[in-house]
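Structure first, commentary second.
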Amino acid sequence: MGKLIELRCPKCSTVAATKTEFRCRSCNDVLEAVVSVDHLRPDDFARMRSSRDLSIWRWFDFFPVESRSSIVSLGEGSTPLLHAQRLGERIGIANLFLKNDTVLPTGSLKDRSNSVGMSVGKEFGYATASVISTGNAAASVAAYAAAAGMTSVVMVPKGTAASKIIQAHAYGATVIVVEGRFDYEVAELYKNAVTEFGWYDCVSTNPYRLGKKSYAYELVDQLDGVPTDWVIHPSAGGTGIVCMWQGFKEFLTLGWIDCAPKLVAAQSEAAAPLVAAMAKGSLTFEPVDARDTVAESIQVGNPSSLGDRALAALRESQGTAVALSDDEILEAQALTARLAGIFAEPAAATSVAAAKQMCQRGMIGRDEVVVCNLTGHGLKQPEAVPFSETEFAPIAPTLPALQEQLRKFV
Ligand SMILES: Cc1ncc(COP(=O)(O)O)c(C=O)c1O
Ligand SMILES: [Zn+2]
């Protein structure tokens, strides 16, 4: 059973008095949900691996959910891990693997977090889940709230494109559009609203959203004994890096693996606070003003909840952080689609762009085993793909017209 021991502050060790406080009452840091896994044995690993449940819930014992009856699942997890030979050849890595999270239920990695988070919310008896987001998190929270029988409220700043919130609206979320800047006025209103209305807060301060630990478990399972040298994750708030590292450490402690991969945070150079901190050798990040980037989903300049913990995880794993230009990201998106058959959104393709850059800089050896997490579907942001109007211009329904068109493009 996934047994929650307590919510504890990693900075000052204060233990929360209730299970619904998300911040430390002494130092205001984000609390950590401590789950006991000491009772697990190698037999349990074999049992989990052979479970017919292919969702993240095959790893139930690692999540802070008391009862299986509370699980809110849309079948997230066990996403394909593909050996991308053609793409690997092109970028110079023979053992390049793509973890295809574009196929998750709402099309992004957020489903891993929200399945666990919403299960806990349901266990606590909340009626309404909320999130402040302009994209993937909004859709995912809305879908999992719907599955849990809860209502959801999504708060976004004025100016957010309809395409970004339509998916959340479709799942039944109440979408509140607010005048002001995302990180400032909108965030302030959101915080006050959570307190005022007692919503279940599904942002990255929620310590129960540990679902991304499942990346580690699934990779160990799917690579089946092949030691992984690098796992590259597109990073914004830092949840992926922090949770993945926690997952690998749990397996190390249990003796289920002998070594863990080096983790890499791939960031857009327009929003790269982790890259800057790693380059300086700093234990803490400095917030930056995020500039516009094609990698919209990871345009986060101030990963205030988990940024420092992500840096610690990168360092402990002996990994690094890499910044990518929009050109590198768009090139990686096109290569991933055309050579591996996966249409990932630009933010997700930063992992492949980082693999390519690291290979060119001699940081990754040709025969090393590299996993790139592809964290969101390309259809989330189709307008990012450049295309020519001429290609889509209608032609006459005749063979000569077709021949002429093919001459232009083939
Ligand atoms: C597509 C995509 N990839 C990656 C991330 C990175 O999130 P995190 O750093 O919290 O794992 C996000 C969310 O912010 C996202 O939407
Ligand atoms: Zn504290």
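The chains in the structure tokens are called A, B, ... from first to last as shown; in each chain the residues are counted from 1, and the ligands are counted from 1 in the order shown.
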
Residues of range 1-167 of chain A in strand (DSSP E or B), written as a count of residues only: 36

Long-range neighbours of range 184-188 of chain A as an MDAnalysis selection string, 12 Å cut-off, only C-alpha atoms, 4 positions minimum in chain: chainID A and resid 131:134 154:158 176:180 192:195 203 302

Would you write out those residues with C-alpha atoms, as an mmCIF file, in the first residue's frame?
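To be explicit, this is the file written out as result_20.cif:
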```cif
data_model
loop_
_atom_site.group_PDB
_atom_site.id
_atom_site.type_symbol
_atom_site.label_atom_id
_atom_site.label_comp_id
_atom_site.auth_asym_id
_atom_site.auth_seq_id
_atom_site.Cartn_x
_atom_site.Cartn_y
_atom_site.Cartn_z
ATOM 1 C CA VAL A 131 -5.282 25.391 -11.458
ATOM 2 C CA ILE A 132 -3.655 28.482 -12.858
ATOM 3 C CA SER A 133 -2.256 27.643 -16.267
ATOM 4 C CA THR A 134 -2.409 28.553 -19.901
ATOM 5 C CA VAL A 154 -9.035 27.138 -14.543
ATOM 6 C CA MET A 155 -7.632 30.658 -14.274
ATOM 7 C CA VAL A 156 -5.824 32.250 -17.218
ATOM 8 C CA PRO A 157 -4.617 35.756 -18.085
ATOM 9 C CA LYS A 158 -6.450 37.886 -20.641
ATOM 10 C CA ILE A 176 -11.893 32.393 -15.704
ATOM 11 C CA VAL A 177 -10.041 34.975 -17.770
ATOM 12 C CA VAL A 178 -8.368 37.676 -15.694
ATOM 13 C CA GLU A 179 -6.935 41.078 -16.629
ATOM 14 C CA GLY A 180 -3.277 41.203 -15.651
ATOM 15 C CA ASN A 192 -6.593 34.389 -2.750
ATOM 16 C CA ALA A 193 -9.361 32.498 -4.505
ATOM 17 C CA VAL A 194 -8.005 29.121 -3.377
ATOM 18 C CA THR A 195 -8.043 30.350 0.211
ATOM 19 C CA VAL A 203 -0.435 23.614 -9.095
ATOM 20 C CA ASN A 302 10.491 31.563 -12.072
#
```

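Across the structure, CA of Leu283 in chain A and atom 6 (C, counted along the ligand's line) of ligand 1 are spaced 20.1 Å apart.
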
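Shortest separation to Pro207 in chain A among A:Ser130, A:Ser70, A:Thr284, A:Asn114 occurs at residue A:Asn114, atoms counted being only C-alpha atoms.
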
Nearest-residue call for Ala138 in chain A, choices A:Pro64, A:Ser297, A:Pro346, A:Thr20, using only C-alpha atoms: A:Ser297

Closest contacts (chain A/ligand 2, max 6 Å, only C-alpha atoms and all ligand atoms) as a Markdown table:
```
| residue | atom | partner | partner_atom_place_in_ligand_line | distance |
| --- | --- | --- | --- | --- |
| A:Cys9 | CA | ligand 2 | 1 (Zn) | 4.6 |
| A:Lys11 | CA | ligand 2 | 1 (Zn) | 5.1 |
| A:Cys12 | CA | ligand 2 | 1 (Zn) | 4.2 |
| A:Thr14 | CA | ligand 2 | 1 (Zn) | 5.5 |
| A:Cys24 | CA | ligand 2 | 1 (Zn) | 4.6 |
| A:Ser26 | CA | ligand 2 | 1 (Zn) | 5.0 |
| A:Cys27 | CA | ligand 2 | 1 (Zn) | 4.1 |
| A:Asn28 | CA | ligand 2 | 1 (Zn) | 5.9 |
| A:Asp29 | CA | ligand 2 | 1 (Zn) | 5.4 |
```

Test item: residues no farther than 6 Å from ligand 1, counting only C-alpha atoms and all ligand atoms, as a PyMOL selection string: chain A and resi 108+136+234-240+297-298+347-348+375-376

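Note that the spacing between CA of Gly77 in chain A and CA of Ile56 in chain A amounts to 4.8 Å.
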
Using only C-alpha atoms, which protein or nucleic acid residues come within 12 Å of Glu89 in chain A? Drop anything in the same chain fewer than 2 positions from it, and give the result as a short mmCIF file (atom, residue, chain, number, x, y, z; two decimals) with all heavy atoms, in the first residue's frame.
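Output saved as result09.cif:
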```
data_model
loop_
_atom_site.label_atom_id
_atom_site.label_comp_id
_atom_site.auth_asym_id
_atom_site.auth_seq_id
_atom_site.Cartn_x
_atom_site.Cartn_y
_atom_site.Cartn_z
N HIS A 83 13.03 2.79 -29.72
CA HIS A 83 14.41 2.94 -30.15
C HIS A 83 14.37 3.68 -31.50
O HIS A 83 13.98 3.10 -32.51
CB HIS A 83 15.08 1.57 -30.29
CG HIS A 83 16.53 1.67 -30.62
ND1 HIS A 83 17.28 0.59 -30.99
CD2 HIS A 83 17.38 2.72 -30.63
CE1 HIS A 83 18.53 0.97 -31.22
NE2 HIS A 83 18.61 2.26 -31.01
N ALA A 84 14.74 4.95 -31.48
CA ALA A 84 14.59 5.79 -32.68
C ALA A 84 15.86 5.71 -33.50
O ALA A 84 16.72 6.61 -33.44
CB ALA A 84 14.28 7.21 -32.26
N GLN A 85 15.97 4.67 -34.31
CA GLN A 85 17.24 4.43 -35.00
C GLN A 85 17.56 5.49 -36.05
O GLN A 85 18.69 5.98 -36.13
CB GLN A 85 17.24 3.05 -35.62
CG GLN A 85 17.60 2.00 -34.58
CD GLN A 85 17.28 0.60 -35.03
OE1 GLN A 85 16.12 0.25 -35.20
NE2 GLN A 85 18.31 -0.18 -35.23
N ARG A 86 16.55 5.84 -36.86
CA ARG A 86 16.84 6.81 -37.94
C ARG A 86 17.17 8.18 -37.36
O ARG A 86 18.10 8.84 -37.78
CB ARG A 86 15.64 6.90 -38.89
CG ARG A 86 15.43 5.60 -39.67
CD ARG A 86 14.30 5.76 -40.67
NE ARG A 86 14.60 6.74 -41.69
CZ ARG A 86 13.74 7.64 -42.16
NH1 ARG A 86 12.51 7.70 -41.67
NH2 ARG A 86 14.09 8.49 -43.09
N LEU A 87 16.39 8.59 -36.38
CA LEU A 87 16.66 9.89 -35.75
C LEU A 87 18.02 9.85 -35.04
O LEU A 87 18.81 10.80 -35.12
CB LEU A 87 15.54 10.21 -34.74
CG LEU A 87 15.68 11.50 -33.95
CD1 LEU A 87 15.70 12.72 -34.89
CD2 LEU A 87 14.53 11.67 -32.94
N ILE A 91 21.37 12.29 -35.56
CA ILE A 91 21.98 13.21 -34.59
C ILE A 91 23.22 12.62 -33.92
O ILE A 91 23.83 13.27 -33.08
CB ILE A 91 20.95 13.72 -33.54
CG1 ILE A 91 20.48 12.64 -32.59
CG2 ILE A 91 19.75 14.37 -34.20
CD1 ILE A 91 19.53 13.17 -31.53
N GLY A 92 23.56 11.39 -34.29
CA GLY A 92 24.84 10.83 -33.83
C GLY A 92 24.76 10.04 -32.54
O GLY A 92 25.75 9.93 -31.81
N ILE A 93 23.58 9.47 -32.24
CA ILE A 93 23.45 8.67 -31.01
C ILE A 93 22.82 7.33 -31.41
O ILE A 93 21.65 7.29 -31.81
CB ILE A 93 22.56 9.39 -29.97
CG1 ILE A 93 23.17 10.75 -29.60
CG2 ILE A 93 22.38 8.52 -28.72
CD1 ILE A 93 22.27 11.61 -28.74
N ALA A 94 23.58 6.27 -31.30
CA ALA A 94 23.08 4.96 -31.78
C ALA A 94 21.94 4.45 -30.90
O ALA A 94 20.99 3.84 -31.39
CB ALA A 94 24.22 3.96 -31.80
N ASN A 95 22.04 4.71 -29.60
CA ASN A 95 21.02 4.18 -28.68
C ASN A 95 20.11 5.30 -28.18
O ASN A 95 20.05 5.58 -26.98
CB ASN A 95 21.70 3.48 -27.50
CG ASN A 95 22.43 2.24 -27.96
OD1 ASN A 95 21.85 1.39 -28.65
ND2 ASN A 95 23.70 2.14 -27.63
N LEU A 96 19.42 5.91 -29.13
CA LEU A 96 18.51 6.99 -28.76
C LEU A 96 17.10 6.42 -28.58
O LEU A 96 16.57 5.76 -29.47
CB LEU A 96 18.48 8.05 -29.87
CG LEU A 96 17.50 9.21 -29.64
CD1 LEU A 96 17.97 10.10 -28.49
CD2 LEU A 96 17.36 10.06 -30.90
N PHE A 97 16.53 6.67 -27.40
CA PHE A 97 15.18 6.19 -27.12
C PHE A 97 14.25 7.39 -26.88
O PHE A 97 14.64 8.37 -26.25
CB PHE A 97 15.17 5.30 -25.87
CG PHE A 97 15.85 3.97 -26.10
CD1 PHE A 97 17.23 3.85 -25.96
CD2 PHE A 97 15.11 2.85 -26.48
CE1 PHE A 97 17.86 2.63 -26.19
CE2 PHE A 97 15.73 1.63 -26.71
CZ PHE A 97 17.11 1.52 -26.55
N LEU A 335 12.56 16.94 -37.15
CA LEU A 335 13.30 15.67 -37.27
C LEU A 335 12.58 14.54 -36.54
O LEU A 335 12.52 13.41 -37.03
CB LEU A 335 14.72 15.83 -36.68
CG LEU A 335 15.70 16.71 -37.45
CD1 LEU A 335 17.01 16.84 -36.67
CD2 LEU A 335 15.97 16.15 -38.84
N LEU A 339 11.60 11.60 -38.88
CA LEU A 339 12.50 10.42 -38.81
C LEU A 339 12.05 9.40 -37.77
O LEU A 339 12.50 8.27 -37.76
CB LEU A 339 13.93 10.87 -38.50
CG LEU A 339 14.58 11.79 -39.55
CD1 LEU A 339 15.98 12.21 -39.11
CD2 LEU A 339 14.64 11.10 -40.91
N ALA A 340 11.16 9.82 -36.87
CA ALA A 340 10.71 8.85 -35.85
C ALA A 340 9.19 8.70 -35.84
O ALA A 340 8.67 7.83 -35.14
CB ALA A 340 11.20 9.30 -34.47
N LYS A 356 20.85 16.42 -29.38
CA LYS A 356 21.67 16.75 -30.56
C LYS A 356 22.80 17.71 -30.18
O LYS A 356 23.96 17.50 -30.52
CB LYS A 356 20.76 17.37 -31.64
CG LYS A 356 21.47 17.77 -32.90
CD LYS A 356 20.49 18.03 -34.03
CE LYS A 356 21.23 18.37 -35.31
NZ LYS A 356 21.30 19.78 -35.60
N CYS A 359 25.48 16.06 -28.11
CA CYS A 359 26.29 15.18 -28.93
C CYS A 359 27.33 16.01 -29.69
O CYS A 359 28.52 15.68 -29.72
CB CYS A 359 25.34 14.43 -29.86
SG CYS A 359 26.08 13.03 -30.60
N ARG A 366 28.70 8.48 -28.64
CA ARG A 366 27.88 7.86 -29.68
C ARG A 366 27.14 6.62 -29.19
O ARG A 366 26.01 6.36 -29.59
CB ARG A 366 28.80 7.49 -30.86
CG ARG A 366 28.04 7.23 -32.10
CD ARG A 366 28.75 6.60 -33.24
NE ARG A 366 27.80 5.67 -33.86
CZ ARG A 366 26.74 6.05 -34.57
NH1 ARG A 366 26.52 7.33 -34.80
NH2 ARG A 366 25.92 5.17 -35.08
N ASP A 367 27.78 5.84 -28.31
CA ASP A 367 27.16 4.57 -27.92
C ASP A 367 26.45 4.63 -26.57
O ASP A 367 26.01 3.60 -26.05
CB ASP A 367 28.21 3.46 -27.92
CG ASP A 367 28.66 3.18 -29.35
OD1 ASP A 367 27.78 3.15 -30.24
OD2 ASP A 367 29.88 3.07 -29.57
#
```
